[in-house]
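upload_36.cif (mmCIF, C-alpha atoms)
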```cif
data_input
loop_
_atom_site.label_atom_id
_atom_site.label_comp_id
_atom_site.auth_asym_id
_atom_site.auth_seq_id
_atom_site.Cartn_x
_atom_site.Cartn_y
_atom_site.Cartn_z
CA MET A 1 11.55 -1.28 -1.64
CA VAL A 2 14.88 -2.26 -3.12
CA LEU A 3 17.25 -3.03 -0.25
CA ASP A 4 21.03 -2.77 -0.22
CA ASP A 5 21.52 -6.49 -0.89
CA ALA A 6 18.98 -6.81 -3.71
CA ASP A 7 19.64 -8.39 -7.10
CA ILE A 8 19.46 -5.20 -9.19
CA GLU A 9 18.72 -6.91 -12.50
CA SER A 10 15.81 -8.85 -11.05
CA ALA A 11 14.52 -5.85 -9.09
CA VAL A 12 14.48 -3.67 -12.21
CA ASP A 13 12.71 -6.30 -14.30
CA HIS A 14 9.99 -6.78 -11.69
CA ALA A 15 9.65 -3.06 -10.97
CA ILE A 16 9.09 -2.34 -14.67
CA ALA A 17 6.35 -4.97 -14.84
CA CYS A 18 4.78 -3.81 -11.57
CA LYS A 19 4.75 -0.15 -12.58
CA PHE A 20 3.86 -0.19 -16.26
CA ARG A 21 1.46 -3.11 -16.70
CA ASN A 22 -1.94 -1.80 -17.73
CA ALA A 23 -0.21 1.57 -18.21
CA GLY A 24 0.16 1.90 -14.44
CA GLN A 25 -3.59 1.75 -13.98
CA ALA A 26 -3.80 -1.07 -11.46
CA CYS A 27 -4.68 -0.97 -7.78
CA VAL A 28 -1.47 -2.83 -6.91
CA ALA A 29 0.83 -0.87 -9.24
CA ALA A 30 3.92 0.57 -7.57
CA ASN A 31 3.26 4.16 -6.55
CA ARG A 32 6.71 4.82 -5.06
CA ILE A 33 9.89 2.89 -5.85
CA ILE A 34 12.11 3.24 -2.79
CA VAL A 35 15.75 2.30 -3.37
CA ASP A 36 18.71 2.14 -1.01
CA ARG A 37 21.11 4.95 -1.90
CA SER A 38 23.99 2.50 -2.42
CA LEU A 39 22.14 0.84 -5.31
CA GLU A 40 19.96 3.69 -6.53
CA PRO A 41 22.24 5.10 -9.31
CA GLU A 42 22.65 1.72 -11.02
CA PHE A 43 19.02 0.77 -10.42
CA THR A 44 17.78 4.05 -11.87
CA LYS A 45 20.10 3.81 -14.89
CA ARG A 46 18.80 0.36 -15.80
CA PHE A 47 15.19 1.27 -15.02
CA VAL A 48 15.33 4.30 -17.31
CA GLU A 49 16.93 2.27 -20.10
CA GLN A 50 14.18 -0.33 -19.93
CA THR A 51 11.49 2.34 -19.71
CA ARG A 52 12.75 4.01 -22.87
CA ALA A 53 12.62 0.65 -24.64
CA LEU A 54 8.93 0.11 -23.89
CA LYS A 55 6.67 0.23 -26.93
CA VAL A 56 3.46 2.23 -26.51
CA GLY A 57 0.40 1.57 -28.61
CA ASN A 58 -2.82 -0.29 -29.27
CA GLY A 59 -3.17 -3.15 -26.83
CA LEU A 60 -4.40 -5.44 -29.60
CA GLU A 61 -0.94 -5.20 -31.16
CA GLU A 62 2.52 -6.24 -29.95
CA VAL A 63 3.13 -3.43 -27.45
CA ASP A 64 4.30 -3.07 -23.84
CA VAL A 65 2.16 -0.14 -22.67
CA GLY A 66 -1.40 0.58 -23.76
CA PRO A 67 -3.58 3.67 -23.44
CA THR A 68 -4.79 5.57 -20.41
CA ILE A 69 -8.48 5.08 -19.64
CA SER A 70 -9.78 8.33 -21.14
CA PRO A 71 -8.84 11.65 -22.74
CA ARG A 72 -9.41 13.29 -19.36
CA GLN A 73 -6.91 10.97 -17.69
CA ARG A 74 -4.36 11.49 -20.49
CA ASP A 75 -4.70 15.27 -20.39
CA ARG A 76 -4.19 15.57 -16.64
CA LEU A 77 -0.84 13.76 -16.70
CA PRO A 78 1.42 16.59 -18.01
CA GLU A 79 0.28 18.77 -15.11
CA MET A 80 0.87 15.92 -12.68
CA VAL A 81 4.39 15.46 -14.01
CA SER A 82 4.97 19.20 -13.70
CA ASP A 83 3.80 19.12 -10.07
CA LEU A 84 6.19 16.26 -9.29
CA VAL A 85 9.10 18.16 -10.83
CA ASP A 86 8.14 21.33 -8.98
CA SER A 87 8.22 19.30 -5.76
CA GLY A 88 11.86 18.36 -6.26
CA GLY A 89 11.73 15.53 -8.75
CA VAL A 90 14.00 15.23 -11.78
CA LEU A 91 12.37 14.12 -15.02
CA LEU A 92 14.57 11.42 -16.53
CA THR A 93 12.44 10.27 -19.45
CA GLY A 94 8.93 10.68 -20.86
CA GLY A 95 6.54 13.23 -19.45
CA ALA A 96 4.42 14.02 -22.50
CA VAL A 97 1.32 12.94 -24.37
CA VAL A 98 2.15 10.70 -27.34
CA ASP A 99 1.47 12.44 -30.66
CA GLY A 100 -1.37 11.06 -32.73
CA PRO A 101 -4.78 9.53 -32.00
CA GLY A 102 -5.55 7.65 -28.81
CA ASN A 103 -5.14 8.24 -25.09
CA PHE A 104 -1.45 7.44 -24.93
CA PHE A 105 1.15 8.89 -22.58
CA GLU A 106 4.89 8.33 -22.61
CA PRO A 107 6.23 5.96 -19.95
CA THR A 108 7.77 8.40 -17.50
CA VAL A 109 10.43 8.24 -14.79
CA ILE A 110 10.96 10.91 -12.13
CA ARG A 111 13.72 10.64 -9.54
CA PHE A 112 13.78 12.16 -6.06
CA ASP A 113 16.99 12.44 -4.05
CA ALA A 114 15.15 11.99 -0.76
CA PRO A 115 11.72 10.96 0.57
CA ASN A 116 8.95 13.33 -0.46
CA ASP A 117 5.33 13.16 0.66
CA ILE A 118 3.83 14.39 -2.63
CA VAL A 119 2.76 10.87 -3.66
CA CYS A 120 2.07 9.53 -0.17
CA SER A 121 -1.57 10.63 -0.18
CA ASN A 122 -2.33 10.40 -3.91
CA GLU A 123 -2.24 7.45 -6.26
CA LEU A 124 -0.56 8.13 -9.58
CA PHE A 125 -2.60 5.52 -11.49
CA ALA A 126 -0.61 6.29 -14.61
CA PRO A 127 2.52 5.19 -16.54
CA VAL A 128 4.59 7.47 -14.30
CA ALA A 129 7.28 5.95 -12.07
CA THR A 130 8.76 7.80 -9.11
CA ILE A 131 12.08 6.62 -7.69
CA PHE A 132 13.20 7.73 -4.24
CA SER A 133 16.73 7.35 -2.88
CA VAL A 134 16.86 6.58 0.86
CA ASP A 135 19.59 5.99 3.43
CA GLY A 136 19.18 2.51 4.86
CA VAL A 137 16.39 0.10 5.64
CA GLU A 138 14.91 2.05 8.55
CA ALA A 139 14.39 5.10 6.36
CA ALA A 140 12.89 2.88 3.66
CA ILE A 141 10.40 1.27 6.07
CA ARG A 142 9.45 4.61 7.58
CA PHE A 143 8.85 6.21 4.19
CA ALA A 144 6.99 3.18 2.84
CA ASN A 145 4.53 3.36 5.74
CA GLU A 146 3.93 7.11 5.33
CA THR A 147 0.77 6.72 3.28
CA ARG A 148 -2.94 6.46 3.96
CA TYR A 149 -3.14 3.53 1.56
CA GLY A 150 -2.08 0.02 2.50
CA LEU A 151 -2.98 -2.44 -0.23
CA ALA A 152 0.30 -3.78 -1.59
CA ALA A 153 4.05 -3.40 -1.10
CA TYR A 154 7.04 -5.11 -2.63
CA LEU A 155 10.55 -5.66 -1.31
CA PHE A 156 13.69 -6.99 -2.89
CA THR A 157 16.49 -8.62 -0.92
CA ARG A 158 18.66 -11.73 -1.26
CA ASP A 159 17.96 -12.64 2.39
CA LEU A 160 14.65 -14.51 2.87
CA SER A 161 14.71 -14.14 6.66
CA ARG A 162 15.20 -10.41 6.27
CA ALA A 163 12.33 -10.24 3.80
CA ILE A 164 9.95 -11.98 6.19
CA SER A 165 11.02 -9.83 9.13
CA LEU A 166 10.63 -6.57 7.23
CA ALA A 167 7.35 -7.61 5.65
CA GLU A 168 5.86 -7.82 9.13
CA ARG A 169 6.77 -4.17 9.70
CA LEU A 170 5.16 -2.93 6.51
CA GLU A 171 1.64 -1.60 7.04
CA PHE A 172 0.17 -3.25 3.96
CA GLY A 173 -2.28 -6.06 3.45
CA MET A 174 -0.06 -7.83 0.93
CA VAL A 175 3.73 -7.86 0.54
CA GLY A 176 5.51 -9.38 -2.44
CA GLY A 177 9.01 -10.71 -1.90
CA ASN A 178 11.35 -10.47 -4.89
CA ARG A 179 8.43 -10.32 -7.31
CA GLY A 180 6.43 -7.51 -8.86
CA MET A 181 3.16 -9.42 -9.19
CA MET A 182 1.53 -11.15 -6.27
CA ALA A 183 -2.14 -11.78 -7.03
CA ASP A 184 -3.00 -15.47 -6.89
CA PRO A 185 -6.45 -17.10 -6.90
CA ALA A 186 -5.36 -19.27 -3.97
CA ALA A 187 -4.25 -16.35 -1.79
CA PRO A 188 -6.22 -13.70 0.14
CA PHE A 189 -6.44 -10.25 -1.42
CA GLY A 190 -6.91 -7.13 0.70
CA GLY A 191 -5.34 -4.14 2.36
CA THR A 192 -5.11 -1.95 5.44
CA LYS A 193 -5.72 1.71 6.26
CA MET A 194 -7.94 3.34 3.59
CA VAL A 195 -8.26 0.17 1.52
CA THR A 196 -9.78 -2.22 4.05
CA PHE A 197 -12.89 -4.09 2.97
CA GLU A 198 -15.01 -2.37 5.60
CA LEU A 199 -14.11 1.15 4.44
CA ILE A 200 -14.63 0.27 0.79
CA ALA A 201 -18.00 -1.30 1.59
CA LYS A 202 -19.16 1.81 3.44
CA ALA A 203 -18.01 4.00 0.54
CA LEU A 204 -20.07 1.90 -1.87
CA ALA A 205 -23.18 1.83 0.30
CA PRO A 206 -24.72 5.15 -0.86
CA ALA A 207 -24.44 4.07 -4.49
CA ILE A 208 -25.82 0.54 -4.14
CA GLY A 209 -28.21 1.10 -1.25
CA TRP A 210 -26.78 -1.52 1.08
CA ILE A 211 -23.55 -2.37 2.90
CA PRO A 212 -21.74 -5.52 1.69
CA MET A 213 -20.80 -7.85 4.51
CA LEU A 214 -17.80 -10.19 4.63
CA SER A 215 -18.28 -13.49 6.41
CA GLY A 216 -15.73 -16.19 7.05
#
```

As structure tokens:
Amino acid sequence: MVLDDADIESAVDHAIACKFRNAGQACVAANRIIVDRSLEPEFTKRFVEQTRALKVGNGLEEVDVGPTISPRQRDRLPEMVSDLVDSGGVLLTGGAVVDGPGNFFEPTVIRFDAPNDIVCSNELFAPVATIFSVDGVEAAIRFANETRYGLAAYLFTRDLSRAISLAERLEFGMVGGNRGMMADPAAPFGGTKMVTFELIAKALAPAIGWIPMLSG
């Protein structure tokens, strides 16, 4: 969430890192970038410019974005982009498989003029960023919470008290304030809703033959 008083330059830098690290294939990668309508045009302009500047290629070389995890993952992305556009999104950059060998896909940005539930129940897990323009903080909070997943959220504001207050209203296990990366060995890591430890443990049980238990 990028609020109306956010530092746009910082928010864009962190959003780029949060979205495109590991080619978007991270459990805490930003799935929806929700921006206050007053800042959204400038935010989107800068975000697209930085996205177009990202270098895609072999991760053993000097690049910004590496490959997707498999040919199957790469090949499903054009259809996913098409579905997002059909649902009201506007493709601003990217959207295609990179020519040549390897499982590479262009860093992609799709903008929505209003909240849309197409990515509320599905994780993108790809180098595809979706930007949503919203009217005010209440709309941003409401839309942010409209998902069955609750691992990580991020908010950008110049007001620390506001950040703390709003973080308590977000239905996520972890909330990053003015930063796009939050994992720290000294801090707890976990989520709510469909990504609680108990639900994950039960999902794993049939495969491993036992239910992991968490003790304090």

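Using only C-alpha atoms, the shortest contact distance between Leu77 of chain A and any of A:Asp159, A:Asp36, A:Glu106, A:Asp7 is found at A:Glu106.
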
- Message: Between atom CA of Lys193 of chain A and atom CA of Gly150 of chain A, what distance in Å does the model show, to one decimal?
- Response: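 Between atom CA of Lys193 of chain A and atom CA of Gly150 of chain A the gap is 5.5 Å.
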
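The gap separating atom CA of Gly102 of chain A from atom CA of Ile69 of chain A is 10.0 Å, in Å to one decimal.
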
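Considering all atoms listed in the file, the residue among A:Arg179, A:Arg111, A:His14, A:Arg74 positioned nearest to Val48 of chain A is A:Arg111.
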
- Item | Two-atom distance - atom CA of Leu166 of chain A, atom CA of Val128 of chain A (Å) |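 Spanning atom CA of Leu166 of chain A to atom CA of Val128 of chain A is a straight-line distance of 26.4 Å.
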
- Message: I'd like the residues picked by the PyMOL selection byres ((chain A and resi 129) around 6) written out as a PyMOL selection string, using the chain letters and numbers from the file.
- Response: chain A and resi 108-109+128+130

Size and centre in Å, one decimal, axis-aligned box, all listed segment 76-95 of chain A atoms plus 8 Å per side, as lines of an AutoDock Vina configuration file:
```
center_x = 5.2
center_y = 15.8
center_z = -13.3
size_x = 34.8
size_y = 27.1
size_z = 31.1
```

- Message: For Gly66 of chain A, find every residue with an atom within 8 Å (counting all atoms listed in the file), except residues of its own chain fewer than 6 positions away, and show them as JSON, numbers by chain.
- Response: {"A": [22, 23, 56, 57, 58, 59, 104]}

Quick check on the file I pasted: which residues fall under the PyMOL selection byres ((chain A and resi 94) around 9)? Write them as a PDB file with C-alpha atoms, in the coordinates of the input.
```
ATOM      1  CA  THR A  51      11.490   2.340 -19.710  1.00  0.00           C
ATOM      2  CA  ARG A  52      12.750   4.010 -22.870  1.00  0.00           C
ATOM      3  CA  LEU A  91      12.370  14.120 -15.020  1.00  0.00           C
ATOM      4  CA  LEU A  92      14.570  11.420 -16.530  1.00  0.00           C
ATOM      5  CA  THR A  93      12.440  10.270 -19.450  1.00  0.00           C
ATOM      6  CA  GLY A  95       6.540  13.230 -19.450  1.00  0.00           C
ATOM      7  CA  ALA A  96       4.420  14.020 -22.500  1.00  0.00           C
ATOM      8  CA  VAL A  97       1.320  12.940 -24.370  1.00  0.00           C
ATOM      9  CA  PHE A 105       1.150   8.890 -22.580  1.00  0.00           C
ATOM     10  CA  GLU A 106       4.890   8.330 -22.610  1.00  0.00           C
ATOM     11  CA  PRO A 107       6.230   5.960 -19.950  1.00  0.00           C
ATOM     12  CA  THR A 108       7.770   8.400 -17.500  1.00  0.00           C
ATOM     13  CA  VAL A 109      10.430   8.240 -14.790  1.00  0.00           C
ATOM     14  CA  ILE A 110      10.960  10.910 -12.130  1.00  0.00           C
ATOM     15  CA  VAL A 128       4.590   7.470 -14.300  1.00  0.00           C
TER      16      VAL A 128
END
```

Written record: segment 54-193 of chain A, C-alpha atoms, as a short mmCIF file (atom, residue, chain, number, x, y, z; two decimals), in the first residue's frame:
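Contents of result.cif, as written:
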```cif
data_model
loop_
_atom_site.label_atom_id
_atom_site.label_comp_id
_atom_site.auth_asym_id
_atom_site.auth_seq_id
_atom_site.Cartn_x
_atom_site.Cartn_y
_atom_site.Cartn_z
CA LEU A 54 15.68 -4.17 -15.51
CA LYS A 55 18.10 -6.56 -17.18
CA VAL A 56 16.84 -10.13 -17.61
CA GLY A 57 19.19 -13.06 -17.92
CA ASN A 58 21.31 -15.77 -16.37
CA GLY A 59 21.48 -15.29 -12.63
CA LEU A 60 25.19 -16.09 -12.64
CA GLU A 61 25.76 -12.89 -14.61
CA GLU A 62 25.15 -9.22 -13.80
CA VAL A 63 21.36 -9.15 -14.20
CA ASP A 64 18.33 -7.89 -12.26
CA VAL A 65 15.77 -10.60 -13.06
CA GLY A 66 16.52 -14.28 -13.55
CA PRO A 67 14.47 -17.12 -15.04
CA THR A 68 11.13 -18.57 -14.06
CA ILE A 69 11.34 -21.98 -12.40
CA SER A 70 10.42 -24.11 -15.42
CA PRO A 71 9.25 -24.07 -19.04
CA ARG A 72 5.74 -24.83 -17.78
CA GLN A 73 5.77 -21.74 -15.55
CA ARG A 74 7.16 -19.56 -18.36
CA ASP A 75 4.60 -20.79 -20.88
CA ARG A 76 1.60 -20.15 -18.66
CA LEU A 77 2.45 -16.47 -18.14
CA PRO A 78 1.24 -15.04 -21.50
CA GLU A 79 -2.21 -16.49 -20.82
CA MET A 80 -2.15 -15.10 -17.29
CA VAL A 81 -1.30 -11.65 -18.63
CA SER A 82 -4.10 -11.96 -21.17
CA ASP A 83 -6.56 -12.87 -18.40
CA LEU A 84 -5.50 -9.82 -16.37
CA VAL A 85 -6.00 -7.54 -19.37
CA ASP A 86 -9.37 -9.12 -20.14
CA SER A 87 -10.37 -8.37 -16.55
CA GLY A 88 -9.82 -4.65 -16.99
CA GLY A 89 -6.07 -4.25 -16.67
CA VAL A 90 -3.93 -2.15 -19.00
CA LEU A 91 -0.62 -3.66 -20.07
CA LEU A 92 2.03 -0.96 -19.67
CA THR A 93 5.19 -2.93 -20.39
CA GLY A 94 6.38 -6.51 -20.89
CA GLY A 95 3.93 -9.36 -21.21
CA ALA A 96 5.88 -11.77 -23.38
CA VAL A 97 8.35 -14.63 -23.23
CA VAL A 98 11.93 -13.46 -23.84
CA ASP A 99 13.27 -14.73 -27.18
CA GLY A 100 16.06 -17.28 -27.00
CA PRO A 101 16.96 -20.17 -24.71
CA GLY A 102 15.98 -20.29 -21.06
CA ASN A 103 12.81 -19.82 -19.03
CA PHE A 104 12.78 -16.03 -19.15
CA PHE A 105 9.77 -13.72 -19.13
CA GLU A 106 9.73 -9.97 -19.56
CA PRO A 107 9.20 -7.94 -16.37
CA THR A 108 5.58 -6.89 -16.76
CA VAL A 109 3.39 -4.12 -15.37
CA ILE A 110 -0.41 -4.09 -15.56
CA ARG A 111 -2.46 -1.20 -14.20
CA PHE A 112 -6.04 -1.30 -12.92
CA ASP A 113 -8.09 1.86 -12.43
CA ALA A 114 -9.97 0.38 -9.50
CA PRO A 115 -9.83 -2.62 -7.14
CA ASN A 116 -10.33 -5.93 -8.91
CA ASP A 117 -10.61 -9.34 -7.26
CA ILE A 118 -8.84 -11.27 -10.04
CA VAL A 119 -5.60 -11.54 -8.03
CA CYS A 120 -7.17 -11.68 -4.57
CA SER A 121 -7.46 -15.47 -4.57
CA ASN A 122 -4.49 -16.37 -6.78
CA GLU A 123 -0.80 -15.72 -6.32
CA LEU A 124 0.97 -14.44 -9.42
CA PHE A 125 4.37 -15.91 -8.44
CA ALA A 126 5.90 -14.34 -11.52
CA PRO A 127 7.66 -11.17 -12.72
CA VAL A 128 4.25 -9.57 -13.25
CA ALA A 129 3.31 -6.47 -11.25
CA THR A 130 -0.28 -5.30 -10.85
CA ILE A 131 -0.92 -1.71 -9.77
CA PHE A 132 -4.34 -0.70 -8.45
CA SER A 133 -5.50 2.89 -8.01
CA VAL A 134 -7.74 3.43 -4.96
CA ASP A 135 -9.55 6.36 -3.39
CA GLY A 136 -8.21 6.88 0.12
CA VAL A 137 -6.84 4.79 2.94
CA GLU A 138 -10.10 3.06 3.86
CA ALA A 139 -10.47 1.71 0.34
CA ALA A 140 -6.83 0.62 0.39
CA ILE A 141 -7.21 -1.27 3.69
CA ARG A 142 -10.44 -2.90 2.56
CA PHE A 143 -8.96 -4.06 -0.73
CA ALA A 144 -5.72 -5.22 0.88
CA ASN A 145 -7.66 -7.47 3.25
CA GLU A 146 -9.80 -8.97 0.46
CA THR A 147 -7.66 -12.06 0.02
CA ARG A 148 -7.54 -15.56 1.45
CA TYR A 149 -3.79 -15.20 1.94
CA GLY A 150 -2.25 -13.28 4.81
CA LEU A 151 1.51 -13.72 4.88
CA ALA A 152 3.00 -10.30 4.19
CA ALA A 153 1.93 -6.74 3.46
CA TYR A 154 3.84 -3.51 2.98
CA LEU A 155 2.82 0.09 3.52
CA PHE A 156 4.48 3.36 2.71
CA THR A 157 3.80 6.59 4.59
CA ARG A 158 5.87 9.41 6.08
CA ASP A 159 3.90 9.16 9.35
CA LEU A 160 5.19 6.42 11.69
CA SER A 161 2.16 6.62 13.99
CA ARG A 162 -0.11 6.18 11.00
CA ALA A 163 1.94 3.21 9.82
CA ILE A 164 1.63 1.46 13.18
CA SER A 165 -2.09 2.16 13.43
CA LEU A 166 -2.83 0.89 9.93
CA ALA A 167 -0.58 -2.14 10.29
CA GLU A 168 -2.81 -3.32 13.13
CA ARG A 169 -5.79 -3.28 10.75
CA LEU A 170 -4.09 -5.32 8.05
CA GLU A 171 -4.94 -9.02 8.24
CA PHE A 172 -1.41 -10.23 7.62
CA GLY A 173 1.15 -11.97 9.77
CA MET A 174 3.92 -9.53 8.83
CA VAL A 175 3.76 -5.88 7.77
CA GLY A 176 6.75 -3.97 6.44
CA GLY A 177 6.82 -0.23 7.00
CA ASN A 178 8.57 1.81 4.30
CA ARG A 179 10.59 -1.20 3.18
CA GLY A 180 10.09 -3.90 0.58
CA MET A 181 12.00 -6.63 2.39
CA MET A 182 11.21 -7.62 5.94
CA ALA A 183 12.64 -11.08 6.65
CA ASP A 184 15.12 -11.03 9.52
CA PRO A 185 16.63 -13.98 11.40
CA ALA A 186 15.81 -12.24 14.68
CA ALA A 187 12.12 -11.73 13.87
CA PRO A 188 9.17 -14.16 13.73
CA PHE A 189 8.02 -15.28 10.30
CA GLY A 190 4.44 -16.36 9.65
CA GLY A 191 1.04 -15.45 8.33
CA THR A 192 -2.72 -15.57 8.83
CA LYS A 193 -5.70 -16.99 6.95
#
```
